[in-house]
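Below: entry.txt (compact mmCIF, C-alpha atoms and all ligand atoms)
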```
# COMPACT_ATOMS: atom_id res chain seq x y z
CA MET A 257 -10.93 38.88 -61.10
CA GLU A 258 -13.38 40.32 -58.56
CA GLU A 259 -14.43 43.85 -57.68
CA PHE A 260 -16.17 44.90 -54.47
CA SER A 261 -16.66 48.54 -53.56
CA CYS A 262 -17.79 49.99 -50.23
CA LYS A 263 -18.97 53.55 -50.65
CA THR A 264 -21.77 54.05 -48.14
CA LYS A 265 -20.92 54.99 -44.57
CA ILE A 266 -23.22 52.86 -42.36
CA ILE A 267 -24.19 54.13 -38.92
CA SER A 268 -26.35 51.80 -36.81
CA GLY A 269 -27.93 51.62 -33.38
CA ALA A 270 -30.57 53.28 -31.21
CA GLY A 271 -30.69 57.03 -31.79
CA ALA A 272 -28.46 56.87 -34.90
CA ILE A 273 -30.56 59.61 -36.54
CA SER A 274 -28.91 62.14 -34.22
CA THR A 275 -25.68 61.77 -36.28
CA LEU A 276 -27.35 63.60 -39.21
CA GLY A 277 -26.36 66.89 -37.57
CA SER A 278 -22.67 66.01 -37.85
CA LEU A 279 -22.88 66.19 -41.67
CA GLY A 280 -22.75 69.97 -41.29
CA ALA A 281 -25.49 70.66 -43.86
CA LYS A 282 -27.50 73.89 -44.01
CA ARG A 283 -30.29 73.14 -46.50
CA LEU A 284 -32.17 69.85 -46.16
CA PHE A 285 -34.49 68.33 -48.75
CA LEU A 286 -36.34 65.46 -47.02
CA VAL A 287 -38.21 62.83 -49.02
CA THR A 288 -40.72 60.69 -47.17
CA ASP A 289 -44.29 59.35 -47.27
CA PRO A 290 -47.45 60.66 -45.56
CA TYR A 291 -47.17 58.09 -42.73
CA PHE A 292 -43.94 59.64 -41.42
CA MET A 293 -45.30 63.19 -41.66
CA LYS A 294 -48.22 62.12 -39.47
CA SER A 295 -46.11 60.09 -37.03
CA GLY A 296 -43.73 63.04 -36.38
CA ALA A 297 -40.65 61.09 -37.56
CA ALA A 298 -40.16 63.47 -40.51
CA GLN A 299 -40.09 66.47 -38.15
CA ARG A 300 -37.66 64.71 -35.78
CA THR A 301 -35.39 63.89 -38.73
CA ALA A 302 -35.44 67.51 -39.90
CA GLU A 303 -34.55 68.71 -36.39
CA ALA A 304 -31.72 66.15 -36.10
CA SER A 305 -30.14 67.51 -39.29
CA LYS A 306 -29.69 70.93 -37.59
CA CYS A 307 -30.39 72.54 -41.00
CA ALA A 308 -31.66 76.12 -41.04
CA ASP A 309 -33.74 75.61 -44.20
CA VAL A 310 -35.85 72.52 -44.76
CA GLU A 311 -38.22 71.42 -47.49
CA ILE A 312 -40.20 68.20 -47.09
CA PHE A 313 -41.53 66.22 -50.08
CA ASP A 314 -44.01 63.81 -48.49
CA LYS A 315 -45.97 62.46 -51.44
CA VAL A 316 -44.28 59.07 -51.88
CA GLN A 317 -46.64 56.12 -52.34
CA PRO A 318 -45.69 52.41 -52.48
CA ASP A 319 -44.10 51.55 -55.84
CA PRO A 320 -43.42 55.19 -56.85
CA THR A 321 -44.09 56.25 -60.42
CA VAL A 322 -41.84 58.02 -62.91
CA GLU A 323 -44.28 60.98 -62.84
CA LEU A 324 -43.94 61.36 -59.06
CA ALA A 325 -40.14 61.20 -59.28
CA ALA A 326 -40.22 63.87 -62.03
CA GLU A 327 -42.34 66.17 -59.84
CA GLY A 328 -39.96 65.66 -56.91
CA THR A 329 -36.91 66.22 -59.13
CA ALA A 330 -38.21 69.66 -60.14
CA ARG A 331 -38.90 70.59 -56.48
CA LEU A 332 -35.46 69.37 -55.41
CA ARG A 333 -33.68 71.29 -58.16
CA ALA A 334 -35.55 74.50 -57.32
CA PHE A 335 -34.69 74.19 -53.59
CA ALA A 336 -30.95 73.54 -54.21
CA PRO A 337 -30.15 71.66 -50.98
CA ASP A 338 -26.76 70.59 -49.69
CA LEU A 339 -28.27 67.46 -48.10
CA VAL A 340 -30.97 65.09 -49.40
CA VAL A 341 -32.41 62.60 -46.92
CA ALA A 342 -34.77 59.72 -47.68
CA LEU A 343 -36.86 58.52 -44.73
CA GLY A 344 -39.06 55.47 -45.29
CA GLY A 345 -39.13 52.05 -46.87
CA GLY A 346 -37.79 51.00 -50.27
CA SER A 347 -40.39 53.17 -52.02
CA ALA A 348 -39.35 56.45 -50.34
CA MET A 349 -35.65 55.65 -50.70
CA ASP A 350 -35.97 54.67 -54.39
CA CYS A 351 -38.03 57.75 -55.22
CA ALA A 352 -35.52 60.02 -53.44
CA LYS A 353 -32.54 58.30 -55.07
CA ALA A 354 -34.03 58.76 -58.53
CA MET A 355 -34.87 62.42 -57.79
CA ALA A 356 -31.36 63.18 -56.52
CA PHE A 357 -29.87 61.39 -59.54
CA PHE A 358 -31.93 63.29 -62.12
CA ALA A 359 -31.60 66.70 -60.39
CA LYS A 360 -27.77 66.41 -60.71
CA GLY A 361 -26.95 68.78 -57.84
CA ASN A 362 -24.06 69.05 -55.43
CA TYR A 363 -25.32 67.41 -52.22
CA LYS A 364 -24.79 64.50 -49.87
CA PHE A 365 -27.42 61.77 -49.88
CA ALA A 366 -28.44 59.97 -46.68
CA ALA A 367 -30.94 57.09 -46.54
CA ILE A 368 -32.82 56.17 -43.38
CA PRO A 369 -34.70 52.87 -43.90
CA THR A 370 -37.82 52.32 -41.79
CA THR A 371 -38.45 48.78 -43.02
CA SER A 372 -35.95 45.94 -42.82
CA GLY A 373 -36.18 44.84 -46.41
CA SER A 374 -35.16 46.57 -49.62
CA GLY A 375 -31.51 47.31 -48.75
CA SER A 376 -31.92 50.37 -50.98
CA GLU A 377 -29.84 52.37 -48.45
CA VAL A 378 -26.69 50.72 -49.90
CA THR A 379 -27.65 49.75 -53.45
CA ASP A 380 -27.13 51.12 -56.95
CA PHE A 381 -30.83 50.44 -57.73
CA ALA A 382 -33.95 52.63 -57.78
CA ILE A 383 -37.18 51.07 -58.98
CA LEU A 384 -39.82 53.27 -60.59
CA THR A 385 -43.14 52.22 -62.13
CA HIS A 386 -44.35 53.41 -65.53
CA ASN A 387 -47.44 52.14 -67.40
CA LYS A 388 -47.81 49.20 -64.99
CA VAL A 389 -44.19 48.11 -65.49
CA LYS A 390 -41.56 48.36 -62.75
CA HIS A 391 -38.28 49.64 -64.19
CA PRO A 392 -35.11 49.17 -62.16
CA LEU A 393 -32.66 52.04 -62.76
CA VAL A 394 -29.16 50.74 -62.13
CA ASP A 395 -26.26 53.17 -61.79
CA LYS A 396 -23.34 53.48 -59.35
CA ARG A 397 -24.27 57.13 -58.74
CA LEU A 398 -27.54 55.96 -57.11
CA ARG A 399 -25.68 54.50 -54.14
CA PRO A 400 -26.24 56.65 -51.01
CA ASP A 401 -23.33 58.34 -49.22
CA VAL A 402 -24.69 57.53 -45.76
CA ALA A 403 -27.08 54.87 -44.44
CA ILE A 404 -28.54 55.41 -40.98
CA LEU A 405 -29.93 52.25 -39.38
CA ASP A 406 -31.80 53.53 -36.34
CA SER A 407 -33.48 50.79 -34.31
CA ASP A 408 -35.80 53.35 -32.67
CA LEU A 409 -37.70 53.51 -35.98
CA LEU A 410 -38.46 49.78 -35.88
CA GLN A 411 -40.29 49.60 -32.57
CA GLU A 412 -43.80 50.01 -34.00
CA LEU A 413 -43.33 48.02 -37.22
CA PRO A 414 -46.61 46.33 -38.22
CA LYS A 415 -46.41 42.53 -38.35
CA GLY A 416 -47.35 42.38 -42.03
CA LEU A 417 -44.48 44.68 -42.93
CA ILE A 418 -41.97 42.65 -40.87
CA ALA A 419 -43.03 39.54 -42.80
CA GLU A 420 -43.11 41.07 -46.30
CA ALA A 421 -39.88 43.03 -45.98
CA GLY A 422 -38.26 40.02 -44.27
CA PHE A 423 -38.93 37.84 -47.30
CA ASP A 424 -37.41 40.56 -49.49
CA VAL A 425 -34.19 40.23 -47.44
CA LEU A 426 -34.22 36.43 -47.77
CA ALA A 427 -34.82 36.67 -51.53
CA HIS A 428 -31.99 39.21 -51.93
CA ALA A 429 -29.57 36.97 -50.03
CA VAL A 430 -30.56 33.73 -51.82
CA GLU A 431 -30.50 35.32 -55.27
CA ALA A 432 -27.22 37.18 -54.70
CA TYR A 433 -25.56 33.97 -53.42
CA VAL A 434 -26.22 32.08 -56.66
CA ALA A 435 -26.12 35.07 -59.05
CA LYS A 436 -23.72 35.14 -61.99
CA GLY A 437 -21.86 38.10 -60.44
CA ALA A 438 -21.35 36.43 -57.02
CA GLY A 439 -17.82 36.47 -55.59
CA THR A 440 -15.99 35.85 -52.31
CA MET A 441 -17.03 39.16 -50.74
CA THR A 442 -20.66 39.16 -51.85
CA ASP A 443 -20.98 35.52 -50.67
CA LEU A 444 -19.87 36.57 -47.18
CA PHE A 445 -22.52 39.27 -46.94
CA ALA A 446 -25.26 37.14 -48.54
CA GLN A 447 -24.59 34.15 -46.30
CA GLU A 448 -24.55 36.18 -43.08
CA ALA A 449 -27.65 38.14 -44.15
CA PHE A 450 -29.55 34.94 -44.93
CA SER A 451 -28.60 33.07 -41.72
CA SER A 452 -29.23 36.08 -39.56
CA ALA A 453 -32.61 37.05 -41.07
CA TYR A 454 -33.81 33.42 -41.22
CA ALA A 455 -33.01 32.94 -37.53
CA ALA A 456 -34.37 36.28 -36.24
CA LEU A 457 -37.53 36.82 -38.32
CA PRO A 458 -39.86 34.56 -36.26
CA ALA A 459 -38.89 36.37 -33.03
CA SER A 460 -39.22 39.81 -34.62
CA TYR A 461 -42.64 38.85 -36.00
CA ALA A 462 -43.70 37.54 -32.58
CA GLY A 463 -42.99 40.99 -31.08
CA ARG A 464 -39.44 40.66 -29.69
CA LYS A 465 -38.21 44.16 -30.43
CA GLU A 466 -34.62 43.51 -29.32
CA VAL A 467 -33.96 41.38 -32.46
CA ARG A 468 -35.19 44.03 -34.91
CA LEU A 469 -31.79 45.68 -35.37
CA LYS A 470 -30.41 42.24 -36.29
CA VAL A 471 -32.90 41.92 -39.17
CA HIS A 472 -32.25 45.55 -40.13
CA LEU A 473 -28.50 44.87 -40.43
CA ALA A 474 -29.25 41.69 -42.39
CA ALA A 475 -31.31 43.76 -44.87
CA THR A 476 -28.35 46.11 -45.39
CA MET A 477 -25.88 43.22 -45.76
CA ALA A 478 -28.14 41.55 -48.33
CA GLY A 479 -28.25 44.89 -50.19
CA MET A 480 -24.43 45.05 -50.21
CA ALA A 481 -24.37 41.55 -51.67
CA PHE A 482 -26.97 41.91 -54.39
CA THR A 483 -26.00 45.36 -55.60
CA GLN A 484 -22.65 43.85 -56.68
CA ALA A 485 -23.56 40.19 -57.38
CA GLY A 486 -26.93 40.82 -59.04
CA LEU A 487 -30.32 39.21 -58.40
CA GLY A 488 -32.30 36.66 -60.41
CA LEU A 489 -35.57 35.32 -61.71
CA CYS A 490 -37.50 35.73 -58.43
CA HIS A 491 -36.95 39.50 -58.58
CA ALA A 492 -37.50 39.72 -62.33
CA MET A 493 -40.93 38.05 -61.92
CA SER A 494 -41.69 39.97 -58.73
CA HIS A 495 -41.14 43.24 -60.64
CA SER A 496 -43.22 42.12 -63.60
CA LEU A 497 -46.16 40.85 -61.47
CA GLY A 498 -45.86 43.75 -59.00
CA GLY A 499 -46.12 46.37 -61.75
CA MET A 500 -49.25 44.75 -63.13
CA PHE A 501 -51.14 43.69 -59.98
CA HIS A 502 -49.79 45.97 -57.21
CA VAL A 503 -49.06 43.22 -54.72
CA ALA A 504 -46.37 44.18 -52.17
CA HIS A 505 -42.89 43.29 -53.44
CA GLY A 506 -41.99 41.10 -50.43
CA ARG A 507 -45.26 39.12 -50.65
CA LEU A 508 -44.51 38.29 -54.28
CA ASN A 509 -40.98 37.21 -53.38
CA ALA A 510 -42.40 34.92 -50.70
CA ILE A 511 -44.70 33.30 -53.28
CA LEU A 512 -42.02 32.98 -55.98
CA LEU A 513 -38.77 32.15 -54.16
CA PRO A 514 -39.32 28.41 -53.42
CA SER A 515 -40.37 27.76 -57.05
CA VAL A 516 -37.37 29.68 -58.43
CA ILE A 517 -35.04 27.66 -56.18
CA SER A 518 -36.47 24.41 -57.64
CA CYS A 519 -35.98 25.65 -61.21
CA ASN A 520 -32.41 26.86 -60.69
CA ALA A 521 -31.35 23.89 -58.53
CA HIS A 522 -29.80 21.80 -61.27
CA VAL A 523 -27.24 24.53 -62.02
CA ALA A 524 -26.98 26.18 -58.56
CA GLY A 525 -27.60 23.17 -56.27
CA ARG A 526 -24.16 23.23 -54.66
CA LYS A 527 -24.47 26.88 -53.64
CA TYR A 528 -28.06 26.57 -52.42
CA ALA A 529 -26.87 23.62 -50.32
CA GLU A 530 -24.04 25.70 -48.82
CA LEU A 531 -26.52 28.42 -47.87
CA ALA A 532 -28.88 25.90 -46.26
CA ARG A 533 -26.07 24.34 -44.21
CA ALA A 534 -24.76 27.77 -43.11
CA ALA A 535 -28.26 28.60 -41.83
CA GLY A 536 -28.35 25.33 -39.85
CA MET A 537 -30.89 23.56 -42.06
CA GLY A 538 -28.59 20.54 -42.51
CA GLY A 539 -28.45 18.01 -45.33
CA SER A 540 -25.23 16.11 -46.08
CA ALA A 541 -26.12 15.48 -49.74
CA ASP A 542 -26.67 18.62 -51.81
CA THR A 543 -30.10 17.49 -53.03
CA ILE A 544 -31.30 17.03 -49.43
CA ALA A 545 -29.88 20.41 -48.36
CA VAL A 546 -31.63 22.16 -51.29
CA ARG A 547 -34.89 20.44 -50.32
CA ASN A 548 -34.37 21.63 -46.73
CA LEU A 549 -33.78 25.19 -47.97
CA ARG A 550 -37.00 25.17 -49.97
CA ASN A 551 -39.00 23.54 -47.18
CA GLY A 552 -37.52 25.86 -44.56
CA LEU A 553 -38.65 28.90 -46.57
CA ILE A 554 -42.13 27.42 -47.09
CA ARG A 555 -42.42 26.74 -43.32
CA LEU A 556 -41.26 30.28 -42.46
CA ARG A 557 -43.68 31.75 -45.04
CA ARG A 558 -46.53 29.97 -43.23
CA GLU A 559 -45.30 31.09 -39.80
CA LEU A 560 -45.26 34.71 -41.01
CA ASN A 561 -48.78 34.35 -42.47
CA LEU A 562 -47.67 35.15 -46.02
CA PRO A 563 -49.57 33.90 -49.09
CA GLU A 564 -48.47 30.71 -50.87
CA THR A 565 -50.16 31.43 -54.20
CA LEU A 566 -51.10 34.50 -56.22
CA ALA A 567 -54.78 33.75 -55.56
CA GLN A 568 -54.13 33.96 -51.81
CA ALA A 569 -52.52 37.36 -52.46
CA GLY A 570 -55.74 38.54 -54.14
CA VAL A 571 -54.65 38.07 -57.78
CA ASP A 572 -57.15 36.24 -59.98
CA PRO A 573 -55.22 33.44 -61.79
CA ARG A 574 -57.39 34.05 -64.89
CA ALA A 575 -56.05 37.63 -65.04
CA VAL A 576 -52.51 36.25 -64.83
CA TRP A 577 -53.06 33.91 -67.78
CA ARG A 578 -54.85 36.60 -69.80
CA ASN A 579 -51.72 38.77 -69.43
CA ALA A 580 -49.15 35.95 -69.45
CA GLY A 581 -47.43 37.19 -72.62
CA GLU A 582 -46.78 40.62 -71.11
CA ILE A 583 -45.73 39.19 -67.74
CA VAL A 584 -43.20 36.87 -69.37
CA LYS A 585 -41.84 39.64 -71.61
CA ALA A 586 -41.44 42.14 -68.73
CA ALA A 587 -39.71 39.49 -66.61
CA GLN A 588 -37.29 38.58 -69.40
CA GLU A 589 -36.50 42.25 -70.06
CA ASP A 590 -35.88 42.98 -66.37
CA PRO A 591 -32.13 43.53 -65.66
CA CYS A 592 -32.33 41.00 -62.78
CA CYS A 593 -32.76 38.19 -65.34
CA LYS A 594 -29.24 38.70 -66.64
CA SER A 595 -27.66 37.54 -63.39
CA ASN A 596 -29.90 34.48 -62.82
CA PRO A 597 -27.66 31.38 -62.79
CA LEU A 598 -29.86 29.68 -65.40
CA GLU A 599 -30.73 31.18 -68.80
CA VAL A 600 -34.30 32.54 -68.48
CA GLU A 601 -36.28 31.05 -71.34
CA ASP A 602 -39.95 31.71 -71.94
CA PHE A 603 -41.00 28.21 -70.76
CA LEU A 604 -39.20 28.66 -67.43
CA VAL A 605 -41.21 31.79 -66.53
CA ARG A 606 -44.42 30.02 -67.60
CA ARG A 607 -43.57 26.97 -65.50
CA ILE A 608 -43.17 29.16 -62.41
CA LEU A 609 -46.41 30.99 -63.24
CA GLU A 610 -48.15 27.60 -63.37
CA GLU A 611 -46.83 26.74 -59.92
CA VAL A 612 -47.73 30.06 -58.29
CA THR A 613 -51.21 30.16 -59.86
CA GLY A 614 -51.85 26.61 -58.65
CA ARG A 615 -52.09 25.01 -62.12
CA VAL A 616 -49.66 22.26 -61.09
N1 LIG A 701 -33.67 49.92 -54.63
C1 LIG A 701 -33.52 48.68 -54.25
O1 LIG A 701 -32.39 48.19 -54.17
C2 LIG A 701 -34.73 47.85 -53.95
C3 LIG A 701 -34.58 46.52 -53.56
C4 LIG A 701 -35.74 45.80 -53.27
C5 LIG A 701 -36.99 46.41 -53.33
N2 LIG A 701 -37.09 47.68 -53.74
C6 LIG A 701 -38.40 48.36 -53.85
O2 LIG A 701 -38.80 48.77 -52.57
C7 LIG A 701 -40.22 48.80 -52.51
C8 LIG A 701 -40.71 48.07 -51.28
O3 LIG A 701 -40.17 48.69 -50.14
P1 LIG A 701 -40.65 48.31 -48.68
O4 LIG A 701 -40.93 46.85 -48.60
O5 LIG A 701 -39.65 48.88 -47.76
O6 LIG A 701 -42.07 49.01 -48.53
P2 LIG A 701 -42.59 50.49 -48.96
O7 LIG A 701 -41.50 51.49 -48.88
O8 LIG A 701 -43.31 50.35 -50.26
O9 LIG A 701 -43.63 50.80 -47.81
C9 LIG A 701 -44.83 50.05 -47.68
C10 LIG A 701 -45.76 50.74 -46.67
O10 LIG A 701 -45.20 50.61 -45.37
C11 LIG A 701 -45.25 51.86 -44.67
N3 LIG A 701 -44.14 51.90 -43.71
C12 LIG A 701 -42.82 51.98 -44.01
N4 LIG A 701 -42.10 51.94 -42.85
C13 LIG A 701 -42.99 51.84 -41.83
C14 LIG A 701 -42.87 51.78 -40.40
N5 LIG A 701 -41.68 51.76 -39.80
N6 LIG A 701 -43.99 51.69 -39.68
C15 LIG A 701 -45.21 51.67 -40.27
N7 LIG A 701 -45.41 51.74 -41.62
C16 LIG A 701 -44.30 51.83 -42.37
C17 LIG A 701 -45.14 52.90 -45.78
O11 LIG A 701 -45.72 54.11 -45.35
C18 LIG A 701 -45.93 52.24 -46.91
O12 LIG A 701 -47.29 52.55 -46.83
C19 LIG A 701 -40.73 48.16 -53.79
O13 LIG A 701 -41.17 49.16 -54.69
C20 LIG A 701 -39.51 47.46 -54.34
O14 LIG A 701 -39.55 47.36 -55.74
C21 LIG A 701 -36.00 48.42 -54.02
FE FE A 702 -36.29 43.10 -53.43
```

Could you quickly redo this structure as structure tokens?
Amino acid sequence: MEEFSCKTKIISGAGAISTLGSLGAKRLFLVTDPYFMKSGAAQRTAEASKCADVEIFDKVQPDPTVELAAEGTARLRAFAPDLVVALGGGSAMDCAKAMAFFAKGNYKFAAIPTTSGSGSEVTDFAILTHNKVKHPLVDKRLRPDVAILDSDLLQELPKGLIAEAGFDVLAHAVEAYVAKGAGTMTDLFAQEAFSSAYAALPASYAGRKEVRLKVHLAATMAGMAFTQAGLGLCHAMSHSLGGMFHVAHGRLNAILLPSVISCNAHVAGRKYAELARAAGMGGSADTIAVRNLRNGLIRLRRELNLPETLAQAGVDPRAVWRNAGEIVKAAQEDPCCKSNPLEVEDFLVRRILEEVTGRV
């Protein structure tokens, strides 16, 4: 038996933000980060909503904390909006989703992603950090009512963000495709998201703005896949290392994903091979196709100037080994571990840590 639910209305294209006005709201609570206040995008979003009363919460920082979400929840509750909008990357969307969830009001929730990465605009996840640990909240009520994919917001994306967020999309698609909860529908979205992002990322990174909407749609499709299929060990370790060392989520995924593929290959080889062939990487025997998948990701990581090891990402390997016990524990306790195709034993996490710290 399979279940696949589509709740979020997805509106995409240039100028899609203008459709906010058609929601008929009167009181807007907008959650964003300081960058979008300064750039004027927050103001333009508020105007597009046609709301008479607007409050803007613009304090979101990358990897938002529980404390920040609690502060925002109190502000949101006091304002009593009929529309909550999140404008920004995964951090702004997650913070806003958590706030809207905890405030328990009667409003519509619209997410406007400005990075092509997290897929948070269609997922049941919101990730908050507490005491250096990233905690994924998972609840169906976190899924937004509307996702607005406006390509106008992607024109000035910095190269580093295209690369990092792009590897988040690839990791979502790869992990969802082999996850324990994968099914016919999630496979469709994961496969299309992977092929599309893998093909378009080099051009987007090189400055070809006309392909950016393609990667943006891929990010959303990967979100639709993983929110129902689940993720895996790459995300569990990315959360555990990200909480401790504050390296961008997508950079950690880029470092971890090839190693996780190698570890899972003996139970998920057939599916990894299918994904590789669908993306045009070839390989008639499964083992060759899995090798092509891993090598293709390593080549793309280099092309996008992403780090290959934790040391290259600025994390001292000695600090990793000093905290290895905590890192392993947090990874094993992360909900993403449950859907990894292979049981996540202590030694498996340590083996990947050895690879990404350059011990082997
Ligand atoms: N909820 C989910 O389903 C889910 C899934 C994956 C990741 N995440 C979370 O999302 C977060 C990462 O999100 P992200 O990669 O989108 O980055 P982000 O939201 O953390 O933003 C990173 C930086 O990029 C800036 N930025 C965002 N859009 C920009 C633009 N268009 N132009 C210039 N600068 C811009 C932001 O101001 C910020 O400083 C992590 O905390 C991760 O854990 C959530
Ligand atoms: Fe992610």

Who sits within 10 Å of Ala545 in chain A, all atoms listed in the file, same chain under 5 positions skipped, as a PyMOL selection string: chain A and resi 525-533+536-540+550-551

Name all residues at most 9 Å from range 434-441 of chain A (count all atoms listed in the file; drop same-chain ones fewer than 4 positions away) and give them as a ChimeraX atom specification. /A:258-260,429-430,445-446,481-482,484-488,524,527-528,594-598

Smallest atom-to-atom distance to ligand LIG 701 (chain A): which of A:Ala308, A:Met293, A:Val340, A:Thr379, using only C-alpha atoms and all ligand atoms? A:Thr379

Between A:Leu566, A:Ile273, A:Ala281, A:Ala427, which has the minimum distance to Ser374 in chain A (counting only C-alpha atoms)? A:Ala427

Per-residue nearest contacts range 325-390 of chain A to range 396-416 of chain A, cut-off 7 Å, using all atoms listed in the file, as CSV:
```
residue,atom,partner,partner_atom,distance
A:Lys353,CA,A:Leu398,CA,5.9
A:Phe357,CA,A:Leu398,CA,6.4
A:Lys364,CA,A:Asp401,CA,6.4
A:Phe365,CA,A:Pro400,CA,5.4
A:Ala366,CA,A:Val402,CA,4.6
A:Ala367,CA,A:Ala403,CA,4.9
A:Ile368,CA,A:Ile404,CA,5.0
A:Pro369,CA,A:Leu405,CA,6.6
A:Thr370,CA,A:Leu409,CA,5.9
A:Glu377,CA,A:Ala403,CA,5.5
A:Val378,CA,A:Arg399,CA,5.8
A:Thr379,CA,A:Arg399,CA,5.2
A:Asp380,CA,A:Arg399,CA,4.6
A:Phe381,CA,A:Leu398,CA,6.5
```

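Taking all atoms listed in the file into account, ligand LIG 701 (chain A) lies nearest to A:His495 out of the set A:Lys294, A:Arg300, A:Lys465, A:His495.
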
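Taking all atoms listed in the file into account, ligand FE 702 (chain A) lies nearest to A:Glu431 out of the set A:Glu431, A:Asp309, A:Asp314, A:Glu601.
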
Neighbours of ligand FE 702 (chain A) within 7 Å, counting only C-alpha atoms and all ligand atoms, as a ChimeraX atom specification? /A:374,424-425,427-428,491,505-506

Residues just named, written with C-alpha atoms as a PDB file, in the coordinates of the input:
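again11.pdb written:
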```
ATOM      1  CA  SER A 374     -35.160  46.570 -49.620  1.00  0.00           C
ATOM      2  CA  ASP A 424     -37.410  40.560 -49.490  1.00  0.00           C
ATOM      3  CA  VAL A 425     -34.190  40.230 -47.440  1.00  0.00           C
ATOM      4  CA  ALA A 427     -34.820  36.670 -51.530  1.00  0.00           C
ATOM      5  CA  HIS A 428     -31.990  39.210 -51.930  1.00  0.00           C
ATOM      6  CA  HIS A 491     -36.950  39.500 -58.580  1.00  0.00           C
ATOM      7  CA  HIS A 505     -42.890  43.290 -53.440  1.00  0.00           C
ATOM      8  CA  GLY A 506     -41.990  41.100 -50.430  1.00  0.00           C
TER       9      GLY A 506
END
```

What does the structure give for the distance between CA of Ala541 in chain A and CA of Ile517 in chain A, in Å to one decimal? 16.4 Å

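Shortest separation to ligand LIG 701 (chain A) among A:Arg333, A:Arg507, A:Lys360, A:Lys306 occurs at residue A:Arg507, atoms counted being only C-alpha atoms and all ligand atoms.
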
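One distance worth recording is that between CA of Cys519 in chain A and CA of Ala492 in chain A, which is 14.2 Å.
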
Compare A:Ala456, A:Leu549, A:Val571, A:Cys490 by their minimum atom-to-atom distance to Ala475 in chain A, counting all atoms listed in the file, and give me the closest one.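 Residue with the minimum atom-to-atom distance to Ala475 in chain A: A:Ala456.
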
For the atom pair CA of Gln447 in chain A and CA of Asp350 in chain A, what is the interatomic distance in Å to one decimal place?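 Taking CA of Gln447 in chain A and CA of Asp350 in chain A, their separation equals 24.8 Å.
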
Edge lengths and centre in Å, axis-aligned, ligand LIG 701 (chain A) plus 3 Å each side, as JSON:
```
{"center_x": -39.8, "center_y": 50.0, "center_z": -47.7, "size_x": 20.9, "size_y": 14.3, "size_z": 22.1}
```
